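start-v7.cif follows; it contains mmCIF, C-alpha atoms.
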data_data
#
loop_
_atom_site.label_atom_id
_atom_site.label_comp_id
_atom_site.auth_asym_id
_atom_site.auth_seq_id
_atom_site.Cartn_x
_atom_site.Cartn_y
_atom_site.Cartn_z
CA MET A 3 93.22 -25.92 -94.55
CA MET A 4 94.06 -29.56 -95.25
CA ALA A 5 92.20 -31.96 -97.56
CA VAL A 6 92.38 -35.62 -98.61
CA TRP A 7 93.05 -36.15 -102.32
CA LYS A 8 93.11 -39.37 -104.33
CA TYR A 9 95.87 -40.31 -106.79
CA PRO A 10 96.04 -43.21 -109.26
CA VAL A 11 98.78 -45.79 -108.71
CA LYS A 12 100.45 -47.09 -111.86
CA VAL A 13 100.95 -50.84 -111.50
CA ASP A 14 104.56 -50.77 -112.65
CA ASP A 15 107.98 -51.15 -110.98
CA ARG A 16 108.31 -47.38 -110.57
CA PHE A 17 105.93 -44.46 -110.93
CA SER A 18 105.76 -40.77 -110.08
CA VAL A 19 102.92 -38.62 -108.80
CA GLU A 20 102.60 -34.85 -108.67
CA MET A 21 101.11 -33.75 -105.35
CA PRO A 22 101.35 -30.72 -103.07
CA LYS A 23 104.63 -30.45 -101.17
CA GLY A 24 104.48 -32.15 -97.78
CA ALA A 25 101.58 -34.46 -98.69
CA GLU A 26 101.21 -37.47 -96.38
CA VAL A 27 100.16 -40.76 -97.99
CA LEU A 28 97.43 -42.27 -95.81
CA HIS A 29 96.21 -45.38 -97.62
CA VAL A 30 96.58 -47.49 -100.78
CA ASP A 31 93.69 -49.65 -102.03
CA LEU A 32 91.44 -50.70 -104.91
CA GLN A 33 88.42 -48.64 -105.94
CA ARG A 34 86.16 -49.41 -108.89
CA GLY A 35 88.78 -51.64 -110.53
CA GLY A 36 91.70 -49.22 -110.17
CA VAL A 37 94.51 -48.84 -107.65
CA PHE A 38 94.68 -45.52 -105.80
CA MET A 39 96.43 -43.87 -102.91
CA TRP A 40 94.90 -41.25 -100.68
CA ALA A 41 96.99 -38.46 -99.18
CA ARG A 42 96.41 -35.63 -96.73
CA VAL A 43 97.47 -32.49 -98.57
CA ASP A 44 97.66 -28.74 -98.20
CA PRO A 45 96.02 -27.61 -101.47
CA ALA A 46 97.84 -24.26 -101.20
CA ALA A 47 101.30 -25.88 -101.13
CA PRO A 48 103.37 -25.82 -104.34
CA PRO A 49 103.35 -29.05 -106.37
CA GLU A 50 106.24 -31.49 -106.34
CA ILE A 51 106.94 -34.78 -108.09
CA ARG A 52 107.16 -37.76 -105.73
CA SER A 53 108.70 -41.11 -106.74
CA PHE A 54 107.36 -44.50 -105.71
CA ARG A 55 108.35 -48.13 -106.19
CA LEU A 56 106.06 -51.14 -106.36
CA ALA A 57 107.23 -54.58 -105.20
CA GLY A 58 105.32 -57.84 -105.10
CA THR A 59 105.45 -60.16 -102.12
CA GLY A 60 108.44 -62.47 -102.54
CA HIS A 61 110.25 -60.15 -104.97
CA GLU A 62 113.79 -59.12 -104.12
CA LEU A 63 114.25 -55.56 -102.90
CA ALA A 64 117.58 -54.31 -104.19
CA GLY A 65 119.13 -51.40 -102.31
CA ASP A 66 117.18 -48.87 -100.29
CA VAL A 67 113.61 -49.02 -101.61
CA GLY A 68 112.39 -46.23 -99.32
CA ARG A 69 109.56 -45.94 -96.82
CA HIS A 70 106.58 -48.31 -97.02
CA VAL A 71 103.36 -46.30 -97.58
CA GLY A 72 100.84 -49.07 -98.21
CA SER A 73 99.95 -52.42 -99.73
CA PHE A 74 97.14 -53.72 -101.91
CA MET A 75 95.90 -57.01 -103.39
CA LEU A 76 94.94 -57.94 -106.94
CA ALA A 77 93.53 -61.13 -108.51
CA GLY A 78 91.28 -61.87 -105.55
CA GLY A 79 94.18 -61.67 -103.12
CA GLY A 80 96.47 -63.87 -105.21
CA LEU A 81 98.88 -60.98 -105.81
CA VAL A 82 99.98 -58.61 -103.05
CA PHE A 83 101.92 -55.45 -103.90
CA HIS A 84 103.71 -53.06 -101.58
CA VAL A 85 104.23 -49.36 -102.31
CA PHE A 86 107.43 -47.66 -101.18
CA GLU A 87 108.25 -43.97 -101.47
CA ALA A 88 111.79 -43.22 -102.58
CA ASP A 89 113.65 -40.91 -100.21
#
Spell out the structure here as structure tokens.
Amino acid sequence: MMAVWKYPVKVDDRFSVEMPKGAEVLHVDLQRGGVFMWARVDPAAPPEIRSFRLAGTGHELAGDVGRHVGSFMLAGGGLVFHVFEAD
């Protein structure tokens, strides 16, 4: 049986999250002052560490940054960040 779980996003250049193997990131957004991503997971799957990169609009993206999984805004929309999962 699948479920949707929520994970905190560290607002930093790079961050890692432990989630069940095969999890699919569905959405990234703000909730109650924090940044989170929601993923469809199989709770019975073994855990794995997944690596992500955060890039602001207008920032250079050096090399292969990975697959885009979502974007979110801070400061009333003045800052827009994009989350990429490293392959």
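The spacing separating atom CA of Leu56 of chain A from atom CA of Glu20 of chain A amounts to 16.8 Å.
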Between atom CA of Val19 of chain A and atom CA of Arg52 of chain A, what is the spacing in Å?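 Rounded to one decimal, the two atoms are 5.3 Å apart.
The space between atom CA of Gly72 of chain A and atom CA of Asp89 of chain A spans 15.3 Å.
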Counting only C-alpha atoms, closest pick from A:Asp15, A:Gly68, A:Leu63, A:Met75 relative to Phe38 of chain A is A:Met75
Polymer residues at most 12 Å from Leu76 of chain A, only C-alpha atoms, same-chain spacing of 5 or more positions, as a list in words: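 Listing them by chain and then by number gives Val13, Asp31, Leu32, Gln33, Gly35, Gly36, Val37, Gly58, Thr59, Leu81, Val82, Phe83 and His84 of chain A.
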Nearest to Ala5 of chain A among A:Ala77, A:Met21, A:Ala41, A:Ala47, with distances taken over only C-alpha atoms: which residue is it?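 Using only C-alpha atoms, Ala5 of chain A sits closest to A:Ala41.
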Close residues, Pro49 of chain A itself excluded, 12 Å, all atoms listed in the file, min 4 positions apart in chain, as a VMD selection string: chain A and resid 19 to 25 43 to 45
Output for the residues just chosen: C-alpha atoms as a PDB file, in the frame of the given file:
ATOM      1  CA  VAL A  19     102.920 -38.620-108.800  1.00  0.00           C
ATOM      2  CA  GLU A  20     102.600 -34.850-108.670  1.00  0.00           C
ATOM      3  CA  MET A  21     101.110 -33.750-105.350  1.00  0.00           C
ATOM      4  CA  PRO A  22     101.350 -30.720-103.070  1.00  0.00           C
ATOM      5  CA  LYS A  23     104.630 -30.450-101.170  1.00  0.00           C
ATOM      6  CA  GLY A  24     104.480 -32.150 -97.780  1.00  0.00           C
ATOM      7  CA  ALA A  25     101.580 -34.460 -98.690  1.00  0.00           C
ATOM      8  CA  VAL A  43      97.470 -32.490 -98.570  1.00  0.00           C
ATOM      9  CA  ASP A  44      97.660 -28.740 -98.200  1.00  0.00           C
ATOM     10  CA  PRO A  45      96.020 -27.610-101.470  1.00  0.00           C
TER      11      PRO A  45
END
Pull out every residue that the PyMOL selection byres ((chain A and resi 88) around 8) matches in the shown coordinates and put them as a count of residues only. 10
For each of A:Ile51, A:Val71, A:Ala64, A:Ala57, take the minimum atom-to-atom distance to Asp14 of chain A, counting only C-alpha atoms, then give the residue where this is smallest. A:Ala57
I'd like the neighbourhood of Met39 of chain A as a list in words, where a residue qualifies if any of its atoms comes within 6 Å (using only C-alpha atoms), though same-chain residues fewer than 2 positions away should be ignored.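 The neighbour list is Lys8, Tyr9, His29 and Val30 of chain A.
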With only C-alpha atoms as the atoms that count, which of A:Met3, A:Val85, A:Trp40, A:Leu28 lies nearest to Arg16 of chain A?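 For Arg16 of chain A, the nearest of the candidates is A:Val85.
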